[in-house]
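*Asks:* Contents of upload_13.txt (compact mmCIF, N, CA and C atoms) are given next:
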```txt
# COMPACT_ATOMS: atom_id res chain seq x y z
N MET C 155 -64.47 -71.84 -61.61
CA MET C 155 -63.81 -71.30 -60.44
C MET C 155 -62.57 -70.53 -60.88
N GLY C 156 -62.51 -69.22 -60.52
CA GLY C 156 -61.40 -68.37 -60.94
C GLY C 156 -60.17 -68.58 -60.09
N ARG C 157 -59.07 -68.19 -60.66
CA ARG C 157 -57.81 -68.31 -59.94
C ARG C 157 -57.70 -67.19 -58.90
N LYS C 158 -57.15 -67.52 -57.72
CA LYS C 158 -57.00 -66.52 -56.66
C LYS C 158 -55.94 -65.50 -57.07
N PRO C 159 -56.15 -64.23 -56.69
CA PRO C 159 -55.13 -63.22 -57.01
C PRO C 159 -53.84 -63.50 -56.24
N TYR C 160 -52.74 -63.01 -56.82
CA TYR C 160 -51.43 -63.16 -56.21
C TYR C 160 -51.45 -62.59 -54.79
N LEU C 161 -50.88 -63.32 -53.84
CA LEU C 161 -50.89 -62.87 -52.45
C LEU C 161 -49.86 -61.77 -52.23
N THR C 162 -50.31 -60.66 -51.68
CA THR C 162 -49.44 -59.53 -51.34
C THR C 162 -49.61 -59.21 -49.86
N LEU C 163 -48.72 -58.39 -49.33
CA LEU C 163 -48.85 -57.99 -47.92
C LEU C 163 -50.18 -57.28 -47.70
N GLY C 164 -50.58 -56.44 -48.64
CA GLY C 164 -51.85 -55.72 -48.50
C GLY C 164 -53.04 -56.67 -48.47
N ARG C 165 -53.02 -57.68 -49.32
CA ARG C 165 -54.12 -58.64 -49.37
C ARG C 165 -54.12 -59.57 -48.16
N LEU C 166 -52.97 -59.75 -47.56
CA LEU C 166 -52.83 -60.63 -46.40
C LEU C 166 -53.77 -60.22 -45.27
N ALA C 167 -53.97 -58.93 -45.10
CA ALA C 167 -54.84 -58.43 -44.03
C ALA C 167 -56.30 -58.87 -44.21
N GLU C 168 -56.68 -59.20 -45.44
CA GLU C 168 -58.06 -59.58 -45.73
C GLU C 168 -58.33 -61.08 -45.56
N LEU C 169 -57.29 -61.89 -45.46
CA LEU C 169 -57.48 -63.33 -45.44
C LEU C 169 -58.12 -63.81 -44.14
N PRO C 170 -59.12 -64.69 -44.23
CA PRO C 170 -59.71 -65.29 -43.03
C PRO C 170 -58.76 -66.33 -42.45
N PRO C 171 -58.94 -66.72 -41.20
CA PRO C 171 -58.03 -67.65 -40.52
C PRO C 171 -57.76 -68.94 -41.30
N GLU C 172 -58.76 -69.53 -41.93
CA GLU C 172 -58.55 -70.79 -42.66
C GLU C 172 -57.60 -70.60 -43.84
N GLU C 173 -57.72 -69.50 -44.55
CA GLU C 173 -56.80 -69.24 -45.66
C GLU C 173 -55.40 -68.92 -45.15
N LEU C 174 -55.32 -68.25 -44.01
CA LEU C 174 -54.01 -67.98 -43.41
C LEU C 174 -53.30 -69.29 -43.07
N LYS C 175 -54.05 -70.24 -42.52
CA LYS C 175 -53.47 -71.55 -42.18
C LYS C 175 -52.98 -72.26 -43.43
N HIS C 176 -53.75 -72.16 -44.50
CA HIS C 176 -53.36 -72.78 -45.77
C HIS C 176 -52.07 -72.13 -46.29
N GLU C 177 -52.01 -70.79 -46.26
CA GLU C 177 -50.82 -70.07 -46.73
C GLU C 177 -49.60 -70.42 -45.87
N TRP C 178 -49.83 -70.53 -44.57
CA TRP C 178 -48.73 -70.90 -43.66
C TRP C 178 -48.16 -72.25 -44.10
N ALA C 179 -49.03 -73.25 -44.24
CA ALA C 179 -48.59 -74.59 -44.60
C ALA C 179 -47.86 -74.57 -45.95
N ARG C 180 -48.36 -73.82 -46.88
CA ARG C 180 -47.75 -73.73 -48.21
C ARG C 180 -46.36 -73.10 -48.15
N ARG C 181 -46.21 -72.08 -47.36
CA ARG C 181 -44.94 -71.33 -47.34
C ARG C 181 -43.91 -71.90 -46.37
N PHE C 182 -44.36 -72.50 -45.26
CA PHE C 182 -43.42 -73.05 -44.29
C PHE C 182 -43.21 -74.56 -44.48
N GLY C 183 -44.07 -75.20 -45.29
CA GLY C 183 -43.93 -76.63 -45.53
C GLY C 183 -44.33 -77.48 -44.34
N ALA C 184 -45.17 -76.94 -43.47
CA ALA C 184 -45.63 -77.67 -42.29
C ALA C 184 -47.00 -77.11 -41.90
N PRO C 185 -47.82 -77.90 -41.23
CA PRO C 185 -49.13 -77.38 -40.81
C PRO C 185 -48.98 -76.15 -39.93
N ALA C 186 -49.94 -75.27 -40.03
CA ALA C 186 -49.91 -74.04 -39.21
C ALA C 186 -50.05 -74.39 -37.74
N PRO C 187 -49.25 -73.76 -36.89
CA PRO C 187 -49.39 -73.98 -35.45
C PRO C 187 -50.68 -73.32 -34.95
N ASN C 188 -51.06 -73.63 -33.76
CA ASN C 188 -52.28 -73.07 -33.17
C ASN C 188 -51.98 -71.65 -32.67
N LEU C 189 -52.01 -70.70 -33.60
CA LEU C 189 -51.72 -69.30 -33.30
C LEU C 189 -52.92 -68.44 -33.67
N SER C 190 -52.93 -67.24 -33.13
CA SER C 190 -53.98 -66.29 -33.50
C SER C 190 -53.83 -65.91 -34.97
N ALA C 191 -54.90 -65.40 -35.56
CA ALA C 191 -54.85 -64.98 -36.95
C ALA C 191 -53.78 -63.91 -37.15
N GLU C 192 -53.61 -63.02 -36.19
CA GLU C 192 -52.62 -61.95 -36.31
C GLU C 192 -51.20 -62.51 -36.37
N LEU C 193 -50.90 -63.51 -35.52
CA LEU C 193 -49.56 -64.10 -35.55
C LEU C 193 -49.34 -64.90 -36.84
N LEU C 194 -50.38 -65.56 -37.33
CA LEU C 194 -50.26 -66.25 -38.62
C LEU C 194 -49.97 -65.24 -39.73
N ARG C 195 -50.65 -64.10 -39.69
CA ARG C 195 -50.41 -63.04 -40.68
C ARG C 195 -48.96 -62.57 -40.64
N LEU C 196 -48.45 -62.38 -39.43
CA LEU C 196 -47.06 -61.92 -39.29
C LEU C 196 -46.09 -62.95 -39.86
N GLY C 197 -46.31 -64.22 -39.58
CA GLY C 197 -45.43 -65.27 -40.09
C GLY C 197 -45.47 -65.37 -41.61
N VAL C 198 -46.67 -65.37 -42.17
CA VAL C 198 -46.81 -65.45 -43.62
C VAL C 198 -46.25 -64.17 -44.25
N GLY C 199 -46.49 -63.05 -43.63
CA GLY C 199 -45.96 -61.78 -44.13
C GLY C 199 -44.44 -61.79 -44.16
N TYR C 200 -43.83 -62.35 -43.12
CA TYR C 200 -42.37 -62.45 -43.10
C TYR C 200 -41.89 -63.29 -44.29
N LYS C 201 -42.56 -64.42 -44.51
CA LYS C 201 -42.17 -65.29 -45.62
C LYS C 201 -42.32 -64.57 -46.97
N LEU C 202 -43.37 -63.78 -47.12
CA LEU C 202 -43.55 -63.01 -48.35
C LEU C 202 -42.39 -62.03 -48.55
N GLN C 203 -42.02 -61.33 -47.49
CA GLN C 203 -40.92 -60.38 -47.58
C GLN C 203 -39.59 -61.08 -47.83
N GLU C 204 -39.41 -62.22 -47.19
CA GLU C 204 -38.19 -63.00 -47.37
C GLU C 204 -38.07 -63.45 -48.83
N GLN C 205 -39.19 -63.87 -49.41
CA GLN C 205 -39.21 -64.31 -50.80
C GLN C 205 -38.83 -63.16 -51.73
N LYS C 206 -39.32 -61.97 -51.43
CA LYS C 206 -39.06 -60.81 -52.29
C LYS C 206 -37.67 -60.21 -52.06
N SER C 207 -37.27 -60.08 -50.81
CA SER C 207 -36.04 -59.35 -50.48
C SER C 207 -34.88 -60.22 -50.05
N GLY C 208 -35.11 -61.49 -49.86
CA GLY C 208 -34.06 -62.36 -49.36
C GLY C 208 -34.20 -62.52 -47.86
N GLY C 209 -33.62 -63.56 -47.34
CA GLY C 209 -33.73 -63.85 -45.91
C GLY C 209 -32.70 -63.12 -45.09
N ILE C 210 -32.52 -63.58 -43.89
CA ILE C 210 -31.54 -62.96 -43.00
C ILE C 210 -30.14 -63.26 -43.52
N SER C 211 -29.20 -62.42 -43.16
CA SER C 211 -27.82 -62.57 -43.65
C SER C 211 -27.17 -63.82 -43.04
N ARG C 212 -26.11 -64.24 -43.68
CA ARG C 212 -25.38 -65.41 -43.20
C ARG C 212 -24.84 -65.17 -41.80
N SER C 213 -24.34 -63.96 -41.54
CA SER C 213 -23.78 -63.67 -40.22
C SER C 213 -24.87 -63.68 -39.15
N THR C 214 -26.06 -63.18 -39.48
CA THR C 214 -27.16 -63.20 -38.52
C THR C 214 -27.60 -64.64 -38.25
N ARG C 215 -27.67 -65.46 -39.31
CA ARG C 215 -28.05 -66.86 -39.14
C ARG C 215 -27.05 -67.57 -38.24
N SER C 216 -25.76 -67.27 -38.42
CA SER C 216 -24.72 -67.87 -37.59
C SER C 216 -24.86 -67.43 -36.13
N LEU C 217 -25.11 -66.14 -35.93
CA LEU C 217 -25.29 -65.63 -34.57
C LEU C 217 -26.50 -66.30 -33.90
N LEU C 218 -27.58 -66.47 -34.63
CA LEU C 218 -28.77 -67.12 -34.06
C LEU C 218 -28.48 -68.57 -33.68
N ARG C 219 -27.71 -69.27 -34.51
CA ARG C 219 -27.34 -70.65 -34.18
C ARG C 219 -26.51 -70.67 -32.89
N GLN C 220 -25.56 -69.75 -32.76
CA GLN C 220 -24.73 -69.69 -31.56
C GLN C 220 -25.57 -69.41 -30.33
N VAL C 221 -26.52 -68.49 -30.44
CA VAL C 221 -27.41 -68.17 -29.32
C VAL C 221 -28.21 -69.40 -28.92
N ALA C 222 -28.73 -70.14 -29.90
CA ALA C 222 -29.53 -71.33 -29.62
C ALA C 222 -28.69 -72.39 -28.90
N VAL C 223 -27.46 -72.58 -29.35
CA VAL C 223 -26.58 -73.56 -28.71
C VAL C 223 -26.28 -73.13 -27.28
N ARG C 224 -25.97 -71.86 -27.10
CA ARG C 224 -25.64 -71.36 -25.75
C ARG C 224 -26.84 -71.44 -24.82
N ALA C 225 -28.03 -71.23 -25.36
CA ALA C 225 -29.24 -71.30 -24.52
C ALA C 225 -29.41 -72.71 -23.97
N GLY C 226 -29.03 -73.71 -24.75
CA GLY C 226 -29.12 -75.09 -24.29
C GLY C 226 -28.05 -75.44 -23.27
N GLU C 227 -26.99 -74.65 -23.20
CA GLU C 227 -25.89 -74.92 -22.26
C GLU C 227 -26.15 -74.37 -20.87
N GLY C 228 -27.13 -73.51 -20.72
CA GLY C 228 -27.40 -72.91 -19.42
C GLY C 228 -27.24 -71.41 -19.48
N ALA C 229 -27.81 -70.73 -18.50
CA ALA C 229 -27.89 -69.28 -18.51
C ALA C 229 -26.61 -68.59 -18.04
N GLU C 230 -25.76 -69.26 -17.29
CA GLU C 230 -24.61 -68.58 -16.70
C GLU C 230 -23.40 -68.60 -17.61
N LYS C 231 -23.56 -68.10 -18.80
CA LYS C 231 -22.48 -67.97 -19.76
C LYS C 231 -22.25 -66.49 -20.04
N LYS C 232 -21.04 -66.18 -20.52
CA LYS C 232 -20.78 -64.78 -20.85
C LYS C 232 -21.61 -64.36 -22.06
N PRO C 233 -21.86 -63.07 -22.19
CA PRO C 233 -22.69 -62.61 -23.31
C PRO C 233 -22.03 -62.90 -24.65
N MET C 234 -22.86 -63.02 -25.68
CA MET C 234 -22.37 -63.25 -27.03
C MET C 234 -21.57 -62.03 -27.48
N PRO C 235 -20.47 -62.26 -28.20
CA PRO C 235 -19.78 -61.11 -28.77
C PRO C 235 -20.70 -60.43 -29.76
N ARG C 236 -20.70 -59.12 -29.76
CA ARG C 236 -21.60 -58.38 -30.64
C ARG C 236 -20.81 -57.44 -31.52
N LYS C 237 -21.24 -57.34 -32.73
CA LYS C 237 -20.68 -56.32 -33.61
C LYS C 237 -21.51 -55.07 -33.36
N LEU C 238 -20.85 -53.99 -33.02
CA LEU C 238 -21.57 -52.75 -32.74
C LEU C 238 -21.93 -52.06 -34.05
N THR C 239 -23.20 -51.78 -34.22
CA THR C 239 -23.70 -51.13 -35.41
C THR C 239 -23.61 -49.62 -35.25
N PRO C 240 -23.16 -48.92 -36.29
CA PRO C 240 -23.12 -47.46 -36.20
C PRO C 240 -24.49 -46.91 -35.81
N GLY C 241 -24.47 -45.96 -34.89
CA GLY C 241 -25.71 -45.38 -34.38
C GLY C 241 -26.09 -45.92 -33.02
N THR C 242 -25.51 -47.08 -32.65
CA THR C 242 -25.78 -47.65 -31.33
C THR C 242 -25.26 -46.71 -30.26
N ARG C 243 -26.02 -46.57 -29.18
CA ARG C 243 -25.59 -45.72 -28.08
C ARG C 243 -25.29 -46.59 -26.87
N LEU C 244 -24.13 -46.38 -26.31
CA LEU C 244 -23.72 -47.08 -25.10
C LEU C 244 -23.84 -46.09 -23.95
N VAL C 245 -24.50 -46.51 -22.89
CA VAL C 245 -24.73 -45.61 -21.76
C VAL C 245 -24.12 -46.24 -20.52
N ARG C 246 -23.37 -45.43 -19.76
CA ARG C 246 -22.75 -45.91 -18.54
C ARG C 246 -22.84 -44.83 -17.48
N ASP C 247 -23.22 -45.23 -16.29
CA ASP C 247 -23.22 -44.33 -15.14
C ASP C 247 -21.92 -44.55 -14.39
N TRP C 248 -21.18 -43.48 -14.15
CA TRP C 248 -19.92 -43.59 -13.41
C TRP C 248 -19.91 -42.53 -12.32
N ARG C 249 -19.95 -43.01 -11.09
CA ARG C 249 -19.94 -42.14 -9.91
C ARG C 249 -21.01 -41.07 -9.98
N GLY C 250 -22.23 -41.51 -10.35
CA GLY C 250 -23.38 -40.62 -10.34
C GLY C 250 -23.54 -39.76 -11.57
N GLU C 251 -22.66 -39.90 -12.53
CA GLU C 251 -22.75 -39.09 -13.75
C GLU C 251 -22.95 -40.02 -14.96
N GLY C 252 -23.92 -39.67 -15.80
CA GLY C 252 -24.20 -40.47 -16.99
C GLY C 252 -23.26 -40.14 -18.13
N HIS C 253 -22.85 -41.16 -18.85
CA HIS C 253 -21.95 -41.00 -20.00
C HIS C 253 -22.53 -41.76 -21.18
N THR C 254 -22.65 -41.10 -22.33
CA THR C 254 -23.21 -41.72 -23.52
C THR C 254 -22.19 -41.69 -24.64
N VAL C 255 -21.99 -42.84 -25.25
CA VAL C 255 -21.07 -43.00 -26.38
C VAL C 255 -21.89 -43.44 -27.57
N THR C 256 -21.64 -42.85 -28.72
CA THR C 256 -22.32 -43.25 -29.95
C THR C 256 -21.32 -43.97 -30.85
N VAL C 257 -21.72 -45.15 -31.34
CA VAL C 257 -20.88 -45.93 -32.24
C VAL C 257 -20.92 -45.29 -33.63
N LEU C 258 -19.75 -45.07 -34.21
CA LEU C 258 -19.63 -44.51 -35.56
C LEU C 258 -19.06 -45.58 -36.49
N ASP C 259 -19.05 -45.31 -37.78
CA ASP C 259 -18.45 -46.24 -38.74
C ASP C 259 -16.96 -46.45 -38.46
N ASP C 260 -16.29 -45.39 -38.01
CA ASP C 260 -14.84 -45.44 -37.84
C ASP C 260 -14.39 -45.14 -36.42
N GLY C 261 -15.17 -45.53 -35.44
CA GLY C 261 -14.79 -45.30 -34.05
C GLY C 261 -16.00 -44.97 -33.20
N PHE C 262 -15.83 -43.97 -32.33
CA PHE C 262 -16.87 -43.61 -31.37
C PHE C 262 -16.92 -42.11 -31.18
N GLU C 263 -18.07 -41.60 -30.76
CA GLU C 263 -18.22 -40.20 -30.42
C GLU C 263 -18.58 -40.13 -28.95
N TYR C 264 -17.80 -39.36 -28.21
CA TYR C 264 -18.08 -39.16 -26.79
C TYR C 264 -17.69 -37.73 -26.43
N ASP C 265 -18.57 -37.06 -25.73
CA ASP C 265 -18.30 -35.72 -25.24
C ASP C 265 -17.90 -34.77 -26.38
N GLY C 266 -18.55 -34.93 -27.55
CA GLY C 266 -18.31 -34.06 -28.69
C GLY C 266 -17.01 -34.33 -29.44
N LYS C 267 -16.31 -35.42 -29.08
CA LYS C 267 -15.04 -35.73 -29.73
C LYS C 267 -15.08 -37.11 -30.37
N HIS C 268 -14.21 -37.31 -31.35
CA HIS C 268 -14.08 -38.60 -32.02
C HIS C 268 -13.01 -39.42 -31.30
N TRP C 269 -13.32 -40.69 -31.03
CA TRP C 269 -12.40 -41.58 -30.33
C TRP C 269 -12.21 -42.84 -31.17
N LYS C 270 -11.02 -43.42 -31.10
CA LYS C 270 -10.74 -44.65 -31.84
C LYS C 270 -11.16 -45.89 -31.09
N SER C 271 -11.21 -45.82 -29.73
CA SER C 271 -11.52 -47.04 -28.97
C SER C 271 -12.35 -46.75 -27.72
N LEU C 272 -13.08 -47.76 -27.29
CA LEU C 272 -13.83 -47.66 -26.04
C LEU C 272 -12.89 -47.61 -24.85
N THR C 273 -11.74 -48.26 -24.98
CA THR C 273 -10.77 -48.26 -23.89
C THR C 273 -10.27 -46.84 -23.61
N ALA C 274 -10.02 -46.07 -24.65
CA ALA C 274 -9.58 -44.68 -24.46
C ALA C 274 -10.68 -43.86 -23.79
N ILE C 275 -11.93 -44.11 -24.15
CA ILE C 275 -13.04 -43.38 -23.54
C ILE C 275 -13.17 -43.77 -22.07
N ALA C 276 -13.07 -45.06 -21.78
CA ALA C 276 -13.16 -45.52 -20.39
C ALA C 276 -12.06 -44.89 -19.54
N LYS C 277 -10.86 -44.76 -20.09
CA LYS C 277 -9.76 -44.13 -19.34
C LYS C 277 -10.04 -42.65 -19.11
N ALA C 278 -10.62 -41.98 -20.13
CA ALA C 278 -10.94 -40.56 -19.98
C ALA C 278 -12.01 -40.35 -18.89
N ILE C 279 -12.94 -41.27 -18.79
CA ILE C 279 -14.02 -41.15 -17.80
C ILE C 279 -13.51 -41.45 -16.40
N THR C 280 -12.73 -42.53 -16.25
CA THR C 280 -12.34 -43.00 -14.92
C THR C 280 -10.99 -42.49 -14.44
N GLY C 281 -10.14 -42.11 -15.39
CA GLY C 281 -8.78 -41.73 -15.01
C GLY C 281 -7.86 -42.93 -14.85
N ASN C 282 -8.39 -44.12 -15.04
CA ASN C 282 -7.61 -45.35 -14.90
C ASN C 282 -7.71 -46.18 -16.17
N GLN C 283 -6.76 -47.12 -16.31
CA GLN C 283 -6.78 -48.01 -17.46
C GLN C 283 -7.89 -49.05 -17.27
N TRP C 284 -8.86 -49.07 -18.18
CA TRP C 284 -9.95 -50.02 -18.16
C TRP C 284 -10.03 -50.71 -19.51
N ASN C 285 -10.55 -51.92 -19.53
CA ASN C 285 -10.93 -52.56 -20.78
C ASN C 285 -12.24 -51.90 -21.19
N GLY C 286 -12.24 -51.23 -22.35
CA GLY C 286 -13.42 -50.49 -22.79
C GLY C 286 -14.69 -51.31 -22.89
N PRO C 287 -14.67 -52.47 -23.60
CA PRO C 287 -15.88 -53.29 -23.68
C PRO C 287 -16.35 -53.75 -22.29
N LEU C 288 -15.43 -54.04 -21.39
CA LEU C 288 -15.80 -54.43 -20.03
C LEU C 288 -16.46 -53.26 -19.31
N PHE C 289 -15.89 -52.08 -19.43
CA PHE C 289 -16.43 -50.90 -18.76
C PHE C 289 -17.86 -50.60 -19.22
N PHE C 290 -18.13 -50.78 -20.51
CA PHE C 290 -19.45 -50.48 -21.04
C PHE C 290 -20.41 -51.68 -21.04
N GLY C 291 -20.01 -52.76 -20.37
CA GLY C 291 -20.91 -53.90 -20.21
C GLY C 291 -21.03 -54.79 -21.43
N LEU C 292 -20.08 -54.71 -22.35
CA LEU C 292 -20.12 -55.54 -23.55
C LEU C 292 -19.33 -56.83 -23.38
N ALA C 293 -18.64 -56.97 -22.27
CA ALA C 293 -17.86 -58.17 -21.97
C ALA C 293 -17.90 -58.38 -20.47
N GLU C 294 -17.55 -59.60 -20.05
CA GLU C 294 -17.47 -59.90 -18.62
C GLU C 294 -16.02 -60.14 -18.24
N ARG C 295 -15.72 -59.83 -17.00
CA ARG C 295 -14.38 -60.04 -16.47
C ARG C 295 -14.10 -61.56 -16.47
N LYS C 296 -12.93 -61.92 -16.96
CA LYS C 296 -12.55 -63.35 -16.96
C LYS C 296 -12.27 -63.77 -15.53
N LYS C 297 -12.84 -64.90 -15.15
CA LYS C 297 -12.63 -65.42 -13.80
C LYS C 297 -11.39 -66.26 -13.76
N LYS C 298 -10.60 -66.08 -12.71
CA LYS C 298 -9.36 -66.87 -12.56
C LYS C 298 -9.73 -68.28 -12.14
N PRO C 299 -9.05 -69.30 -12.72
CA PRO C 299 -9.37 -70.70 -12.40
C PRO C 299 -9.01 -71.08 -11.00
```
Now that the file is in, can you turn its structure into structure tokens?
*Replies:*
Amino acid sequence: MGRKPYLTLGRLAELPPEELKHEWARRFGAPAPNLSAELLRLGVGYKLQEQKSGGISRSTRSLLRQVAVRAGEGAEKKPMPRKLTPGTRLVRDWRGEGHTVTVLDDGFEYDGKHWKSLTAIAKAITGNQWNGPLFFGLAERKKKP
């Protein structure tokens, strides 16, 4: 009996369901759940990529833990603080007009100009002093006790 070839993402597509279940158990250290062959492939494929490239970052793992804890506390909590990734687009409708802001490495781009803060952009749009993250839906208004 010959040794099986090294498992790769390409070869993963060829595995029958029973071999996928075996690979799942081997890589996750637990019996395969009752999932379709396609979902088993995705899970095993993730583990293969994780083994080669490393897993999720420490900050992402921490964020996921926080989300899980908050989910157990109930749905009526304020949104998780988010780090805005460059390239993210924030869209806000103000008095019937759409406004789009693009997150940059060193600030924001709005209306063809570079801005240092969302608060400055919110003031330019509304004419009034606003909390920028609140205006763009990234934070909730604090309720008075």
*Asks:* Sorted by chain and rising residue number, which residues of stretch 173-270 of chain C lie within 8 Å of stretch 274-282 of chain C, and what are their closest atom pairs and distances in Å to one decimal, counting all atoms listed in the file, as JSON lines?
*Replies:*
```
{"residue": "C:Trp248", "atom": "CA", "partner": "C:Ile279", "partner_atom": "C", "distance": 7.4}
{"residue": "C:Tyr264", "atom": "CA", "partner": "C:Ile275", "partner_atom": "CA", "distance": 7.3}
{"residue": "C:Trp269", "atom": "CA", "partner": "C:Ile275", "partner_atom": "N", "distance": 6.7}
{"residue": "C:Lys270", "atom": "C", "partner": "C:Ala274", "partner_atom": "N", "distance": 6.5}
```
*Asks:* Could you pull out all residues of chain C with a DSSP call of alpha helix (DSSP H) and give them as a ChimeraX atom specification?
*Replies:* /C:163-166,171-182,191-207,212-227,272-280,286-289
*Asks:* Do you have the atom CA of C:Gly250-atom CA of C:Gln283 distance handy?
*Replies:*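 These atoms are spaced 19.5 Å apart.
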*Asks:* I'd like the interatomic distance between atom CA of C:Ala222 and atom N of C:His176, to a tenth of an Å.
*Replies:*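 Interatomic distance here is 28.4 Å.
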*Asks:* Which residues are near C:Gly241? Cut-off 8 Å, only C-alpha atoms, ignore same chain within fewer than 4 positions. Put them as a list in words.
*Replies:*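 Contacts, with the query itself left out: Thr256, Val257 and Leu258 of chain C.
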*Asks:* Which neighbours of C:Lys175 fall inside 8 Å, counting only N, CA and C atoms, when residues of the same chain fewer than 5 positions from it are skipped, and could you give them as a list of chain:residue names?
*Replies:*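 Skipping anything fewer than 5 positions along the chain leaves C:Leu169, C:Pro170, C:Arg180, C:Arg181, C:Ala184, C:Pro185, C:Ala186, C:Pro187, C:Ala191, C:Leu194, C:Arg195.
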*Asks:* Have a look at atom CA of C:Val255 and atom CA of C:Arg215 and let me know their distance in Å, one decimal.
*Replies:*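 Separating atom CA of C:Val255 from atom CA of C:Arg215 is a distance of 27.9 Å.
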*Asks:* Name the residues in contact with C:Phe290 at a cut-off of 7 Å, using only N, CA and C atoms, excluding same-chain residues fewer than 6 positions from it; report them as JSON, numbers by chain.
*Replies:* {"C": [244, 245, 246]}
*Asks:* Could you check the closest approach to C:Gly197 for each of C:Asp259, C:Trp178, C:Asp265, C:Ser213 and tell me which residue wins, using only N, CA and C atoms?
*Replies:* C:Trp178
*Asks:* Using only N, CA and C atoms, pick whichever of C:Leu238, C:Tyr200, C:Leu272, C:Val223 has the shortest atom-to-atom distance to C:Phe289.
*Replies:*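 Going through C:Leu238, C:Tyr200, C:Leu272, C:Val223 one by one, the smallest distance to C:Phe289 is for C:Leu272.
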*Asks:* So that I can check the secondary structure, give me every residue of stretch 182-292 of chain C assigned strand (DSSP E or B) by backbone DSSP, as an MDAnalysis selection string.
*Replies:* chainID C and resid 243:248 251:258 261:264 267:269
